[in-house]
Structure formats: C-alpha cells, structure tokens
Amino acid sequence: MNKKTTLLLTASVALALANSGNLYAAVDNADAEKLLKDSKCLKCHDVEKTKKGKPYKKIAAEYKGKASAKAELIKHVTEPNQVEVEGEKVDHGTVKTRDAERINNLIDWILAR
C-alpha cells in the first residue's frame, strides 16, 4: 500500500474517532468475523488461544490505552510486513479489502476483545 492510501486510511480512522463517543459501540461483529475468515487471519490467530500468531485478546491488551493503537493496527493489517513466528521472520498477510469502513470495523473488533 502506498503512503497516500495509508494516509487516507489513517485520516478516516481519526475522523471516526473524533465522531465517536464510544469507540467500540457500533462494531459489526459479523462483518469483522467474515473479513477475518476471508483474509485467512484465523489460520494463525484466535480470539483466546495462541496459535502461530497472538490471540486477539492479547493484542487488545497490548494496545489498550495507546493513542496510536488503531493507526498502528491498520497499518499492520493493510501493508505487507514481517512478523516473527517460532524464531523466524515470515510474511504477515493483509486483509482482503481496501474499504476503510470495513478495516476500521475490524480493528475496533480486535481492540474490543
């Protein structure tokens, strides 16, 4: 993803945050779970159990109270990057959408765990 797209996604998140009294009130669970499935995120992640990747509850706990949490997670799921798995660097997949609302919803879902 190029810098312009990242900037647009980050701006949309900032706008959503500015217009939201409760960050996680309007999470569409079904859509977030569908995007996780379609993007094959559940191959390595689970809500509670550690698989190859961290559980979403642990991710949410690590980002709790961090002002840049949403922007960092959006970047992580939308831009190619590498993560360490069992001591080796591997490519981390990206979500199978460029729809900012769906991505924002997914990140809200993760942070609400």
# chains A, B, ... in the order shown; residues from 1 in each chain; ligands from 1
$ select_by_dssp --residues "stretch 18-105 of chain A" --states "helix (DSSP H, G or I)" --output "ChimeraX atom specification"
/A:18,29-38,41-43,56-63,69-78,100-105
$ residues_around --residues "stretch 94-111 of chain A" --least-positions-apart "2" --cutoff "8 Å" --atoms "only C-alpha atoms" --output "PyMOL selection string"
chain A and resi 9+12-13+23-24+27-29+31-33+35-36+38-39+41+56-57+59-61+63-64+70+73-74+76-80+92+113
$ write_last_selection --atoms "C-alpha atoms" --output "compact mmCIF listing (two decimals), in the first residue's frame"
# COMPACT_ATOMS: atom_id res chain seq x y z
CA LEU A 9 -6.98 5.25 5.93
CA SER A 12 -10.63 8.10 8.10
CA VAL A 13 -9.80 6.45 11.41
CA LEU A 23 -15.03 3.60 20.29
CA TYR A 24 -16.44 0.09 20.09
CA VAL A 27 -18.79 -2.85 15.87
CA ASP A 28 -20.34 -5.11 13.24
CA ASN A 29 -19.21 -8.46 14.64
CA ASP A 31 -18.60 -8.37 9.15
CA ALA A 32 -15.38 -8.37 11.19
CA GLU A 33 -15.52 -12.15 11.58
CA LEU A 35 -13.28 -10.38 6.95
CA LEU A 36 -11.05 -12.40 9.32
CA ASP A 38 -11.94 -14.29 4.09
CA SER A 39 -8.47 -12.89 4.78
CA CYS A 41 -6.40 -14.40 9.61
CA TYR A 56 -6.76 -11.13 19.67
CA LYS A 57 -7.33 -10.70 23.43
CA ILE A 59 -3.29 -7.90 21.05
CA ALA A 60 -6.12 -5.81 22.50
CA ALA A 61 -4.45 -5.82 25.92
CA TYR A 63 -2.74 -1.76 22.70
CA LYS A 64 -5.14 -0.77 25.49
CA LYS A 70 -5.83 1.99 15.66
CA LEU A 73 -3.04 -1.93 13.66
CA ILE A 74 -4.50 -0.57 10.43
CA HIS A 76 -0.17 -3.80 10.24
CA VAL A 77 -3.18 -5.42 8.53
CA THR A 78 -3.12 -3.37 5.32
CA GLU A 79 0.57 -3.14 4.43
CA PRO A 80 2.93 -6.04 3.74
CA HIS A 92 2.23 -11.36 7.50
CA ARG A 113 -11.69 -8.24 22.71
$ atom_distance --atom1 "atom CA of A:Val83" --atom2 "atom CA of A:Gly53"
8.9 Å
$ atom_distance --atom1 "atom CA of A:Ser68" --atom2 "atom CA of A:Glu48"
23.2 Å
$ atom_distance --atom1 "atom CA of A:Leu42" --atom2 "atom CA of A:Glu84"
16.9 Å
